[in-house]
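Text of the file coords.cif, holding mmCIF, C-alpha atoms:
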```
data_start
loop_
_atom_site.label_atom_id
_atom_site.label_comp_id
_atom_site.auth_asym_id
_atom_site.auth_seq_id
_atom_site.Cartn_x
_atom_site.Cartn_y
_atom_site.Cartn_z
CA MET A 201 -16.56 -1.04 12.25
CA PRO A 202 -18.07 -3.59 14.69
CA GLY A 203 -16.41 -6.96 14.94
CA SER A 204 -13.27 -5.97 13.09
CA ASN A 205 -11.04 -5.78 16.16
CA THR A 206 -9.81 -8.81 18.05
CA ILE A 207 -7.55 -9.31 21.03
CA ASP A 208 -4.31 -11.17 20.39
CA ASP A 209 -2.41 -13.51 22.74
CA CYS A 210 -0.67 -10.62 24.45
CA GLY A 211 -3.94 -8.81 25.10
CA ARG A 212 -3.28 -6.16 22.47
CA MET A 213 -6.01 -4.96 20.20
CA GLN A 214 -5.50 -6.12 16.67
CA THR A 215 -6.85 -4.08 13.87
CA ALA A 216 -8.40 -5.30 10.68
CA PRO A 217 -6.55 -4.28 7.49
CA GLN A 218 -9.29 -1.94 6.32
CA ASP A 219 -9.01 -0.06 9.60
CA ILE A 220 -5.27 0.40 9.13
CA THR A 221 -6.05 1.54 5.58
CA LYS A 222 -8.40 4.16 6.99
CA LEU A 223 -5.78 5.31 9.44
CA ILE A 224 -3.14 5.66 6.72
CA ILE A 225 -5.53 7.67 4.54
CA ARG A 226 -6.37 9.92 7.47
CA VAL A 227 -2.66 10.35 8.20
CA SER A 228 -2.18 11.42 4.57
CA MET A 229 -4.68 14.18 5.40
CA LYS A 230 -2.49 15.16 8.37
CA ASP A 231 -4.91 13.87 10.99
CA ARG A 232 -2.80 13.65 14.12
CA ALA A 233 -5.26 11.52 16.11
CA ALA A 234 -5.12 8.95 13.31
CA PHE A 235 -1.33 9.10 13.40
CA ASP A 236 -1.35 8.35 17.14
CA ALA A 237 -3.71 5.42 16.62
CA LEU A 238 -1.62 4.12 13.73
CA TYR A 239 1.48 4.30 15.90
CA ARG A 240 -0.21 2.45 18.75
CA GLN A 241 -1.31 -0.34 16.46
CA THR A 242 1.75 -0.79 14.29
CA SER A 243 4.86 0.46 16.12
CA ALA A 244 5.63 -2.90 17.78
CA LYS A 245 5.72 -4.65 14.41
CA LEU A 246 7.82 -1.93 12.81
CA PHE A 247 10.18 -1.79 15.78
CA GLY A 248 10.66 -5.54 15.37
CA VAL A 249 11.65 -4.90 11.74
CA CYS A 250 14.14 -2.12 12.63
CA LEU A 251 15.64 -4.16 15.45
CA ARG A 252 16.06 -7.28 13.33
CA VAL A 253 17.77 -5.40 10.49
CA LEU A 254 19.90 -3.09 12.62
CA SER A 255 20.59 -5.48 15.56
CA ASN A 256 21.20 -2.49 17.77
CA ARG A 257 18.60 -1.03 20.09
CA PRO A 258 19.52 2.69 20.17
CA GLU A 259 19.91 2.71 16.39
CA ALA A 260 16.63 0.85 15.91
CA GLU A 261 14.87 3.43 18.11
CA GLU A 262 16.35 6.23 16.02
CA ALA A 263 15.33 4.43 12.82
CA LEU A 264 11.78 3.92 14.10
CA GLN A 265 11.47 7.67 14.70
CA GLU A 266 12.58 8.37 11.14
CA VAL A 267 10.22 5.72 9.79
CA TYR A 268 7.16 7.35 11.40
CA VAL A 269 8.28 10.79 10.23
CA LYS A 270 8.37 9.29 6.71
CA ILE A 271 4.95 7.72 7.19
CA TRP A 272 3.54 11.09 8.27
CA ASN A 273 5.04 12.81 5.24
CA LYS A 274 4.47 10.12 2.62
CA ALA A 275 1.25 8.41 3.63
CA ASP A 276 -0.31 9.44 0.31
CA ARG A 277 2.10 7.09 -1.46
CA PHE A 278 0.21 4.16 0.03
CA ALA A 279 -2.54 4.67 -2.54
CA ILE A 280 -0.24 3.78 -5.43
CA SER A 281 0.87 0.48 -3.94
CA ASP A 282 -0.69 -2.96 -4.28
CA LEU A 283 0.57 -3.83 -0.81
CA SER A 284 -1.72 -4.50 2.11
CA PRO A 285 -1.55 -1.63 4.60
CA ILE A 286 0.61 -3.44 7.16
CA SER A 287 2.90 -4.76 4.42
CA TRP A 288 3.31 -1.22 3.09
CA LEU A 289 4.30 0.02 6.56
CA VAL A 290 6.72 -2.89 6.96
CA ALA A 291 8.24 -2.05 3.56
CA VAL A 292 8.82 1.56 4.64
CA ALA A 293 10.48 0.39 7.88
CA ARG A 294 12.50 -2.32 6.17
CA ASN A 295 13.80 -0.14 3.37
CA HIS A 296 14.71 2.64 5.77
CA SER A 297 16.51 0.25 8.12
CA ILE A 298 18.45 -1.33 5.23
CA ASP A 299 19.47 2.14 4.01
CA ARG A 300 20.73 2.94 7.51
CA LEU A 301 22.56 -0.37 7.67
CA ARG A 302 24.36 0.43 4.41
CA GLN A 303 25.36 3.86 5.65
CA ARG A 304 27.24 2.42 8.60
CA ARG A 305 30.99 2.60 8.26
CA ARG A 306 31.47 -0.71 10.05
CA PRO A 307 29.19 -3.25 11.70
CA THR A 308 28.05 -2.35 15.20
CA ALA A 309 25.89 -5.38 15.79
CA ASP A 310 25.34 -6.30 19.37
CA ILE A 311 25.60 -10.08 19.22
CA ASP A 312 23.66 -10.80 22.43
CA GLU A 313 20.85 -8.60 21.32
CA ALA A 314 20.77 -10.15 17.86
CA VAL A 315 20.35 -13.56 19.48
CA ASP A 316 17.57 -12.26 21.73
CA ILE A 317 15.71 -10.94 18.74
CA ALA A 318 16.14 -14.14 16.77
CA ASP A 319 14.69 -16.09 19.69
CA THR A 320 11.52 -14.04 19.90
CA ALA A 321 8.51 -15.81 18.52
CA PRO A 322 7.46 -14.44 15.14
CA ASP A 323 4.05 -12.97 14.65
CA PRO A 324 1.42 -15.18 13.15
CA GLU A 325 1.79 -14.78 9.42
CA SER A 326 -1.86 -13.87 9.18
CA LEU A 327 -0.92 -10.48 10.62
CA VAL A 328 0.92 -9.67 7.43
CA VAL A 329 -0.88 -11.24 4.52
CA ALA A 330 -3.64 -13.67 3.65
CA SER A 331 -2.60 -17.26 4.18
CA GLY A 332 -2.98 -18.16 0.51
CA GLU A 333 -0.15 -15.82 -0.44
CA VAL A 334 2.02 -17.18 2.37
CA GLY A 335 1.43 -20.68 1.09
CA GLN A 336 2.28 -19.78 -2.48
CA LEU A 337 5.57 -18.09 -1.59
CA ASN A 338 6.52 -20.94 0.74
CA ASN A 339 5.78 -23.51 -1.96
CA CYS A 340 7.92 -21.61 -4.42
CA LEU A 341 10.76 -21.27 -1.91
CA GLN A 342 10.58 -25.03 -1.38
CA GLU A 343 11.30 -25.54 -5.06
CA LEU A 344 14.69 -23.90 -4.51
CA ASP A 345 17.64 -25.78 -2.98
CA ASP A 346 17.53 -25.48 0.81
CA ASP A 347 20.59 -23.23 1.07
CA ARG A 348 19.29 -20.94 -1.68
CA ALA A 349 15.89 -20.60 -0.02
CA ALA A 350 17.62 -19.89 3.29
CA ALA A 351 19.73 -17.21 1.61
CA VAL A 352 16.62 -15.52 0.21
CA ARG A 353 14.84 -15.58 3.58
CA GLY A 354 17.95 -14.46 5.43
CA ALA A 355 18.67 -11.63 3.01
CA TYR A 356 15.08 -10.41 3.23
CA LEU A 357 14.82 -10.50 7.02
CA ALA A 358 18.26 -9.16 7.92
CA GLY A 359 18.92 -6.98 4.87
CA ASP A 360 22.26 -8.66 4.19
CA SER A 361 24.22 -7.25 1.25
CA TYR A 362 25.71 -9.42 -1.49
CA ALA A 363 29.12 -8.78 0.06
CA GLU A 364 28.01 -10.00 3.50
CA LEU A 365 26.26 -13.05 2.07
CA ALA A 366 29.34 -13.92 -0.03
CA GLU A 367 31.57 -13.74 3.03
CA ARG A 368 29.24 -15.89 5.09
CA HIS A 369 28.93 -18.56 2.41
CA GLY A 370 32.65 -18.39 1.57
CA VAL A 371 32.11 -17.68 -2.12
CA PRO A 372 33.18 -14.77 -4.34
CA LEU A 373 30.74 -11.85 -4.51
CA ASN A 374 29.88 -12.45 -8.16
CA THR A 375 29.13 -16.09 -7.47
CA MET A 376 26.75 -15.00 -4.70
CA ARG A 377 25.13 -12.53 -7.05
CA THR A 378 24.64 -15.19 -9.72
CA TRP A 379 23.21 -17.62 -7.18
CA LEU A 380 20.67 -15.23 -5.79
CA ARG A 381 19.66 -13.89 -9.18
CA ARG A 382 18.99 -17.42 -10.41
CA SER A 383 16.95 -18.04 -7.27
CA LEU A 384 14.95 -14.86 -7.84
CA LEU A 385 14.27 -15.80 -11.48
CA LYS A 386 13.08 -19.26 -10.41
CA LEU A 387 10.95 -17.69 -7.74
CA ARG A 388 9.38 -15.29 -10.22
CA GLU A 389 8.69 -18.10 -12.67
CA CYS A 390 7.02 -20.15 -9.92
CA LEU A 391 4.98 -17.24 -8.53
CA GLU A 392 3.58 -16.49 -11.97
CA ARG A 393 2.43 -20.05 -12.64
CA MET B 89 2.32 -5.65 -17.21
CA PRO B 90 5.31 -5.74 -14.87
CA GLU B 91 8.63 -4.83 -16.33
CA ARG B 92 10.75 -7.75 -17.48
CA GLY B 93 14.48 -8.29 -17.95
CA ASP B 94 17.20 -6.61 -15.96
CA GLY B 95 14.88 -3.98 -14.54
CA ASP B 96 12.74 -6.64 -12.93
CA LEU B 97 15.76 -8.45 -11.47
CA LEU B 98 17.12 -5.19 -10.13
CA ALA B 99 13.71 -4.53 -8.58
CA ALA B 100 13.88 -7.96 -6.92
CA GLU B 101 17.39 -7.31 -5.61
CA TYR B 102 16.32 -3.93 -4.27
CA VAL B 103 13.33 -5.41 -2.45
CA LEU B 104 15.36 -8.34 -1.13
CA GLY B 105 17.83 -5.81 0.25
CA VAL B 106 21.09 -7.21 -1.14
CA LEU B 107 22.32 -4.14 -3.03
CA ASP B 108 25.18 -2.02 -1.69
CA GLN B 109 24.75 1.60 -0.70
CA LYS B 110 25.55 3.13 -4.08
CA GLU B 111 23.27 0.69 -5.93
CA ARG B 112 20.44 1.33 -3.47
CA GLU B 113 20.75 5.08 -3.90
CA ASP B 114 20.73 4.78 -7.70
CA THR B 115 17.76 2.45 -7.53
CA ALA B 116 15.84 4.74 -5.21
CA ARG B 117 16.34 7.60 -7.69
CA ARG B 118 15.08 5.44 -10.56
CA LEU B 119 12.02 4.58 -8.47
CA GLU B 120 11.06 8.26 -8.41
CA THR B 121 11.32 8.75 -12.17
CA ASP B 122 10.45 5.40 -13.78
CA PRO B 123 6.84 4.31 -13.11
CA ALA B 124 7.27 0.90 -14.79
CA PHE B 125 10.25 0.19 -12.58
CA ALA B 126 8.36 1.42 -9.52
CA ARG B 127 5.56 -0.99 -10.43
CA ALA B 128 8.08 -3.85 -10.70
CA VAL B 129 9.42 -2.99 -7.24
CA ASP B 130 5.90 -2.91 -5.84
CA ASN B 131 5.15 -6.32 -7.39
CA TRP B 132 8.20 -7.80 -5.71
CA GLU B 133 7.29 -6.17 -2.40
CA VAL B 134 3.91 -7.89 -2.68
CA SER B 135 5.46 -11.26 -3.65
CA LEU B 136 7.98 -11.30 -0.81
CA ALA B 137 5.77 -9.66 1.84
CA PRO B 138 4.85 -13.03 3.43
CA LEU B 139 8.46 -13.35 4.61
CA ALA B 140 7.84 -10.39 6.92
CA GLY B 141 5.62 -12.64 9.03
CA ALA B 142 8.85 -13.80 10.65
CA TYR B 143 9.50 -10.35 12.15
CA ALA B 144 8.55 -10.37 15.81
CA SER B 145 6.51 -7.55 17.35
CA ILE B 146 8.57 -5.76 19.97
CA GLU B 147 7.10 -2.85 21.92
CA PRO B 148 9.30 0.24 21.51
CA PRO B 149 10.07 2.35 24.60
CA ALA B 150 7.72 5.29 25.23
CA HIS B 151 10.36 7.95 24.61
CA VAL B 152 10.41 7.03 20.91
CA LYS B 153 6.88 8.34 20.36
CA ARG B 154 7.65 11.50 22.33
CA ALA B 155 10.68 12.09 20.12
CA ILE B 156 8.58 11.58 16.96
CA ASP B 157 5.97 14.04 18.19
CA ALA B 158 8.68 16.56 19.01
CA ARG B 159 10.11 16.21 15.50
CA LEU B 160 6.78 16.49 13.74
CA PHE B 161 4.62 18.71 15.86
CA SER B 162 6.78 20.86 18.11
CA SER B 163 5.88 24.03 16.18
CA THR B 164 2.21 23.23 15.64
CA ALA B 165 0.59 23.09 19.03
CA ILE B 166 -2.97 22.14 18.04
CA PRO B 167 -3.37 18.62 16.73
CA THR B 168 -6.28 19.17 14.37
CA PRO B 169 -6.50 17.75 10.88
CA SER B 170 -6.13 20.38 8.20
CA THR B 171 -9.56 21.29 6.88
CA ALA B 172 -8.46 22.08 3.34
CA SER B 173 -6.88 18.76 2.60
CA GLY B 174 -10.04 16.65 2.30
CA GLY B 175 -11.22 18.38 -0.83
CA SER B 176 -7.86 18.51 -2.48
CA TRP B 177 -7.34 14.86 -1.78
CA TRP B 178 -10.64 13.93 -3.38
CA SER B 179 -10.00 16.11 -6.36
CA SER B 180 -6.37 15.10 -6.80
CA LEU B 181 -6.39 13.23 -10.07
CA ALA B 182 -2.89 11.87 -9.47
CA PHE B 183 -4.27 10.21 -6.38
CA TRP B 184 -7.07 8.45 -8.25
CA ARG B 185 -4.87 7.63 -11.23
CA GLY B 186 -2.50 5.88 -8.90
CA LEU B 187 -5.15 3.62 -7.51
CA THR B 188 -5.06 0.03 -8.61
CA ALA B 189 -8.22 -2.02 -8.62
CA ALA B 190 -7.32 -3.66 -5.33
CA THR B 191 -6.56 -0.50 -3.45
CA ALA B 192 -9.53 1.22 -5.02
CA ALA B 193 -11.75 -1.38 -3.43
CA ALA B 194 -10.06 -0.91 -0.08
CA LEU B 195 -10.44 2.81 -0.45
CA ALA B 196 -14.15 2.59 -1.01
CA ILE B 197 -14.20 1.99 2.73
CA ALA B 198 -11.50 4.51 3.47
CA VAL B 199 -13.34 7.30 1.75
CA ALA B 200 -15.70 7.29 4.67
CA VAL B 201 -13.10 9.33 6.44
CA PRO B 202 -13.76 12.81 5.06
CA VAL B 203 -17.39 12.28 5.97
CA LEU B 204 -16.46 11.61 9.57
CA ARG B 205 -15.06 15.09 9.69
CA GLN B 206 -18.19 16.74 8.31
CA PRO B 207 -20.39 18.68 10.70
CA ALA B 208 -23.13 16.40 11.97
CA GLU B 209 -26.16 18.56 11.06
CA THR B 210 -26.84 16.95 7.70
CA THR B 211 -28.76 13.69 7.75
CA ASP B 212 -28.39 13.08 4.03
CA ALA B 213 -26.32 10.07 3.14
CA ARG B 214 -23.26 9.82 0.98
CA TYR B 215 -22.38 6.82 -1.12
CA MET B 216 -19.25 5.64 -2.83
CA ALA B 217 -18.64 3.16 -5.62
CA THR B 218 -15.60 2.09 -7.54
CA LEU B 219 -16.54 1.15 -11.08
CA ALA B 220 -14.37 -1.46 -12.79
CA ALA B 221 -14.73 -4.71 -14.71
CA GLU B 222 -12.59 -7.67 -15.65
CA ALA B 223 -11.19 -7.41 -19.17
CA SER B 224 -11.53 -3.64 -19.19
CA ASP B 225 -9.17 -0.94 -18.05
CA VAL B 226 -11.97 1.59 -17.67
CA ARG B 227 -12.21 2.72 -14.08
CA TYR B 228 -14.19 5.43 -12.42
CA ALA B 229 -14.68 6.29 -8.80
CA ALA B 230 -18.15 7.63 -8.01
CA MET B 231 -19.36 9.52 -5.01
CA TYR B 232 -23.06 10.28 -4.61
CA ASP B 233 -24.11 12.99 -2.26
CA GLN B 234 -27.83 12.74 -1.56
CA HIS B 235 -27.96 16.25 -0.18
CA ASP B 236 -26.86 18.04 -3.35
CA GLY B 237 -28.28 15.36 -5.69
CA LYS B 238 -25.09 15.00 -7.67
CA ILE B 239 -22.78 12.16 -8.55
CA ALA B 240 -19.12 13.10 -8.70
CA LEU B 241 -17.14 10.88 -11.04
CA ALA B 242 -13.36 10.65 -11.12
CA HIS B 243 -12.05 9.15 -14.35
CA ILE B 244 -9.16 6.99 -13.19
CA SER B 245 -8.23 5.11 -16.35
CA GLY B 246 -9.45 3.73 -19.67
CA ALA B 247 -10.13 5.46 -22.96
CA LYS B 248 -12.90 5.26 -25.56
CA ALA B 249 -12.84 5.80 -29.31
CA ALA B 250 -13.67 9.29 -30.63
CA ASP B 251 -16.98 8.06 -32.05
CA GLN B 252 -18.14 6.52 -28.79
CA ASP B 253 -19.49 7.70 -25.47
CA PHE B 254 -19.54 6.26 -21.99
CA GLU B 255 -23.07 6.12 -20.61
CA LEU B 256 -23.87 5.79 -16.93
CA TRP B 257 -26.65 3.47 -15.76
CA MET B 258 -28.31 2.70 -12.48
CA ILE B 259 -29.44 -0.86 -11.88
CA GLU B 260 -31.71 -1.44 -8.93
CA GLY B 261 -32.27 -5.09 -8.01
CA THR B 262 -33.49 -7.02 -11.06
CA ASN B 263 -35.05 -3.98 -12.73
CA ALA B 264 -33.94 -2.82 -16.17
CA PRO B 265 -31.05 -0.36 -16.18
CA VAL B 266 -32.04 3.30 -15.99
CA SER B 267 -29.87 5.74 -17.92
CA MET B 268 -28.26 8.56 -15.99
CA GLY B 269 -26.93 10.07 -19.16
CA VAL B 270 -23.78 10.21 -21.19
CA ILE B 271 -20.69 10.87 -19.13
CA PRO B 272 -19.06 14.11 -20.25
CA SER B 273 -15.38 13.73 -20.97
CA GLY B 274 -13.09 15.06 -18.30
CA GLU B 275 -11.18 13.94 -15.32
CA MET B 276 -13.51 15.11 -12.59
CA ILE B 277 -17.16 15.24 -13.63
CA SER B 278 -20.35 16.00 -11.79
CA ILE B 279 -23.70 14.59 -12.95
CA ARG B 280 -27.00 15.92 -11.62
CA ILE B 281 -29.56 13.31 -10.60
CA THR B 282 -33.23 13.67 -11.56
CA PRO B 283 -35.70 13.62 -8.63
CA GLU B 284 -37.21 10.24 -9.65
CA LEU B 285 -33.75 8.71 -9.81
CA LYS B 286 -32.86 10.28 -6.51
CA ALA B 287 -35.69 8.36 -4.85
CA LYS B 288 -34.26 5.05 -6.08
CA LEU B 289 -30.58 5.71 -5.68
CA ALA B 290 -29.39 4.14 -2.45
CA ALA B 291 -26.97 1.63 -1.04
CA GLY B 292 -26.98 -1.61 -3.00
CA ALA B 293 -27.88 0.00 -6.31
CA VAL B 294 -25.38 -0.80 -9.01
CA LEU B 295 -23.79 1.86 -11.17
CA ALA B 296 -22.60 0.64 -14.55
CA ILE B 297 -20.89 2.24 -17.52
CA SER B 298 -21.50 0.96 -21.04
CA LEU B 299 -19.82 1.83 -24.30
CA GLU B 300 -22.39 3.47 -26.59
CA PRO B 301 -22.52 5.27 -29.93
CA LEU B 302 -21.83 9.00 -29.75
CA GLY B 303 -24.68 10.72 -27.94
CA GLY B 304 -25.70 7.66 -25.96
CA SER B 305 -27.76 4.54 -26.41
CA PRO B 306 -30.39 4.94 -29.15
CA THR B 307 -32.71 2.40 -27.48
CA GLY B 308 -32.82 3.61 -23.88
CA GLN B 309 -31.12 0.39 -22.80
CA PRO B 310 -27.40 -0.43 -22.91
CA THR B 311 -26.38 -1.55 -26.41
CA GLY B 312 -22.63 -1.86 -25.95
CA PRO B 313 -20.47 -3.78 -23.49
CA VAL B 314 -20.46 -2.83 -19.82
CA VAL B 315 -16.90 -1.63 -19.30
CA ALA B 316 -17.16 -0.82 -15.59
CA ALA B 317 -19.60 -1.43 -12.77
CA GLY B 318 -19.78 -1.33 -9.00
CA ASP B 319 -22.33 -1.13 -6.22
CA LEU B 320 -22.97 1.90 -4.10
CA LYS B 321 -21.83 1.60 -0.54
CA SER B 322 -23.03 3.88 2.19
CA ILE B 323 -20.17 5.82 3.72
#
```
Can you present the structure in this file as structure tokens?
Amino acid sequence: MPGSNTIDDCGRMQTAPQDITKLIIRVSMKDRAAFDALYRQTSAKLFGVCLRVLSNRPEAEEALQEVYVKIWNKADRFAISDLSPISWLVAVARNHSIDRLRQRRRPTADIDEAVDIADTAPDPESLVVASGEVGQLNNCLQELDDDRAAAVRGAYLAGDSYAELAERHGVPLNTMRTWLRRSLLKLRECLER
Amino acid sequence: MPERGDGDLLAAEYVLGVLDQKEREDTARRLETDPAFARAVDNWEVSLAPLAGAYASIEPPAHVKRAIDARLFSSTAIPTPSTASGGSWWSSLAFWRGLTAATAAALAIAVAVPVLRQPAETTDARYMATLAAEASDVRYAAMYDQHDGKIALAHISGAKAADQDFELWMIEGTNAPVSMGVIPSGEMISIRITPELKAKLAAGAVLAISLEPLGGSPTGQPTGPVVAAGDLKSI
């Protein structure tokens, strides 16, 4: 498709969403060339997701392998989602990384690495969704108290459990649960306006 | 409509990622068996997806891809797409059923893919349209193959009363709609195109489906509401 690819700041080719859609559909038909192309174009984003959630490089590399094995096996599931193609891939990587995080017996976070990751500049939001949707979610988060909005963002990005959030905020687990649930209900009410 | 009440909150908590291991496992099982709940989870994934913009892109080391390839392909040496899967994918009703209007539109482009894998000797064009309308849940996906002069229709959703029929129309520019006949009931249907229609049917033409009395429109023009429409795109 002419004109649909652009070069980003780092000189990488960026792919228009419909092209990633095509690649995912071809992967669902077990097209290995499409799988290679999909990996080239999306693995940096998904590795960023695994690394942020797991805060541990060897584990994030292992998780990324499992994520692409899942994508190969379950690409047909994309068709039943309303998500944009890159958001669907991010959801697969995020959910898998959070599952791995929960399976750990105790935290193995490498603090230095976690700081490095946090300092990396985020992608432009346009990579993930149309700017209108970004604006709407941001507006709705702004209607929450600052600490509640921060808890929602933090939980989403890092995959923190209720227990971890409760410890960090120094409140009982059930209080944390009530807090976040109220925030989610407010968020839903705002998003549906 | 998305699920409401506890199920929707649980879906939000699952997507946010705050549940513990046991709760996540239970929720993942429910996802597989409860379509309404799965839809609620998907809605929350869509709502919260903008937050993922804050994830940085970090290039993984090259050995990761080699390890993936070893896990997936070590026993299958030749990396060719399977030839049987294109047809089964097209004819998989579950696949089409699962499509929402938004993804159906995106897929109109994606359906080009099987064509890319066709041998190049045929010069006849293929066209695709997704037929849908606001305020109607009737959806069909249509694929027109000029070579065999047939339109394949996949009935994705939407029902009609027993005393009604869906009728398919072609609208070319500002001309009056031309009937292509009553759509037989069924999930995957093929309609043969008359030679005069074949000459007119091309990219840009609109396919529309109207609700008509049993047996089709008595006037030769649509008499009932148009419940789905879409334009043919060359693929």
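Atom pair CA of Ser297 in chain A / CA of Ala237 in chain A: separated by 22.5 Å.
Closest approach to chain B among A:Ala234, A:Met376, A:Ala349, A:Ile280: A:Ile280, based on all atoms listed in the file.
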**Message:** Here's the selection I'm unsure about, the PyMOL selection byres ((chain B and resi 213-227) around 6); applied to the file above, which residues does it give, as a list in words?
**Reply:** Asp212, Tyr228, Ala229, Ala230, Met231, Tyr232, Asp233, Gln234, Ile244, Ser245, Gly246, Val315, Ala316, Ala317, Gly318, Asp319, Leu320, Lys321, Ser322 and Ile323 of chain B
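Against this structure, the PyMOL selection byres ((chain B and resi 134) around 10) ends up with Ser281, Asp282, Leu283, Ser284, Ser287, Trp288, Ala291, Val329 and Glu333 of chain A; Val103, Ala128, Val129, Asp130, Asn131, Trp132, Glu133, Ser135, Leu136, Ala137 and Pro138 of chain B.
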Which residues of range 99-143 of chain B have any atom within 10 Å of an atom in range 247-254 of chain A when counting all atoms listed in the file, and what is the closest pair of atoms for each, with the distance in Å to one decimal? Order the rows by chain and rising number and write it as a tab-separated table.
```
residue	atom	partner	partner_atom	distance
B:Ala140	CA	A:Val249	CA	8.2
B:Ala142	CA	A:Val249	CA	9.4
B:Tyr143	CA	A:Val249	CA	5.9
```
Can I get range 135-148 of chain B with N, CA, C and O atoms filled in, as a PDB file, in the frame of the given file?
```
ATOM      1  N   SER B 135       5.106  -9.828  -3.591  1.00  0.00           N
ATOM      2  CA  SER B 135       5.460 -11.260  -3.650  1.00  0.00           C
ATOM      3  C   SER B 135       6.202 -11.704  -2.404  1.00  0.00           C
ATOM      4  O   SER B 135       5.979 -12.809  -1.893  1.00  0.00           O
ATOM      5  N   LEU B 136       7.119 -10.872  -1.926  1.00  0.00           N
ATOM      6  CA  LEU B 136       7.980 -11.300  -0.810  1.00  0.00           C
ATOM      7  C   LEU B 136       7.414 -10.914   0.561  1.00  0.00           C
ATOM      8  O   LEU B 136       7.947 -11.338   1.582  1.00  0.00           O
ATOM      9  N   ALA B 137       6.328 -10.132   0.566  1.00  0.00           N
ATOM     10  CA  ALA B 137       5.770  -9.660   1.840  1.00  0.00           C
ATOM     11  C   ALA B 137       5.503 -10.775   2.853  1.00  0.00           C
ATOM     12  O   ALA B 137       5.680 -10.548   4.054  1.00  0.00           O
ATOM     13  N   PRO B 138       5.096 -11.992   2.423  1.00  0.00           N
ATOM     14  CA  PRO B 138       4.850 -13.030   3.430  1.00  0.00           C
ATOM     15  C   PRO B 138       6.056 -13.316   4.315  1.00  0.00           C
ATOM     16  O   PRO B 138       5.900 -13.724   5.466  1.00  0.00           O
ATOM     17  N   LEU B 139       7.265 -13.095   3.793  1.00  0.00           N
ATOM     18  CA  LEU B 139       8.460 -13.350   4.610  1.00  0.00           C
ATOM     19  C   LEU B 139       8.471 -12.472   5.859  1.00  0.00           C
ATOM     20  O   LEU B 139       9.056 -12.836   6.880  1.00  0.00           O
ATOM     21  N   ALA B 140       7.836 -11.323   5.784  1.00  0.00           N
ATOM     22  CA  ALA B 140       7.840 -10.390   6.920  1.00  0.00           C
ATOM     23  C   ALA B 140       7.069 -10.929   8.111  1.00  0.00           C
ATOM     24  O   ALA B 140       7.173 -10.386   9.210  1.00  0.00           O
ATOM     25  N   GLY B 141       6.310 -12.005   7.900  1.00  0.00           N
ATOM     26  CA  GLY B 141       5.620 -12.640   9.030  1.00  0.00           C
ATOM     27  C   GLY B 141       6.596 -13.101  10.094  1.00  0.00           C
ATOM     28  O   GLY B 141       6.229 -13.249  11.260  1.00  0.00           O
ATOM     29  N   ALA B 142       7.847 -13.326   9.700  1.00  0.00           N
ATOM     30  CA  ALA B 142       8.850 -13.800  10.650  1.00  0.00           C
ATOM     31  C   ALA B 142       9.402 -12.689  11.546  1.00  0.00           C
ATOM     32  O   ALA B 142      10.136 -12.962  12.489  1.00  0.00           O
ATOM     33  N   TYR B 143       9.061 -11.434  11.255  1.00  0.00           N
ATOM     34  CA  TYR B 143       9.500 -10.350  12.150  1.00  0.00           C
ATOM     35  C   TYR B 143       8.633 -10.378  13.410  1.00  0.00           C
ATOM     36  O   TYR B 143       7.407 -10.357  13.320  1.00  0.00           O
ATOM     37  N   ALA B 144       9.282 -10.403  14.549  1.00  0.00           N
ATOM     38  CA  ALA B 144       8.550 -10.370  15.810  1.00  0.00           C
ATOM     39  C   ALA B 144       8.044  -8.961  16.085  1.00  0.00           C
ATOM     40  O   ALA B 144       8.618  -7.991  15.609  1.00  0.00           O
ATOM     41  N   SER B 145       6.955  -8.856  16.865  1.00  0.00           N
ATOM     42  CA  SER B 145       6.510  -7.550  17.350  1.00  0.00           C
ATOM     43  C   SER B 145       7.203  -7.256  18.664  1.00  0.00           C
ATOM     44  O   SER B 145       7.154  -8.082  19.577  1.00  0.00           O
ATOM     45  N   ILE B 146       7.865  -6.130  18.741  1.00  0.00           N
ATOM     46  CA  ILE B 146       8.570  -5.760  19.970  1.00  0.00           C
ATOM     47  C   ILE B 146       8.172  -4.325  20.324  1.00  0.00           C
ATOM     48  O   ILE B 146       8.349  -3.409  19.515  1.00  0.00           O
ATOM     49  N   GLU B 147       7.601  -4.165  21.509  1.00  0.00           N
ATOM     50  CA  GLU B 147       7.100  -2.850  21.920  1.00  0.00           C
ATOM     51  C   GLU B 147       8.264  -1.861  22.051  1.00  0.00           C
ATOM     52  O   GLU B 147       9.213  -2.118  22.774  1.00  0.00           O
ATOM     53  N   PRO B 148       8.218  -0.739  21.342  1.00  0.00           N
ATOM     54  CA  PRO B 148       9.300   0.240  21.510  1.00  0.00           C
ATOM     55  C   PRO B 148       9.114   1.023  22.811  1.00  0.00           C
ATOM     56  O   PRO B 148       7.995   1.136  23.307  1.00  0.00           O
TER      57      PRO B 148
END
```
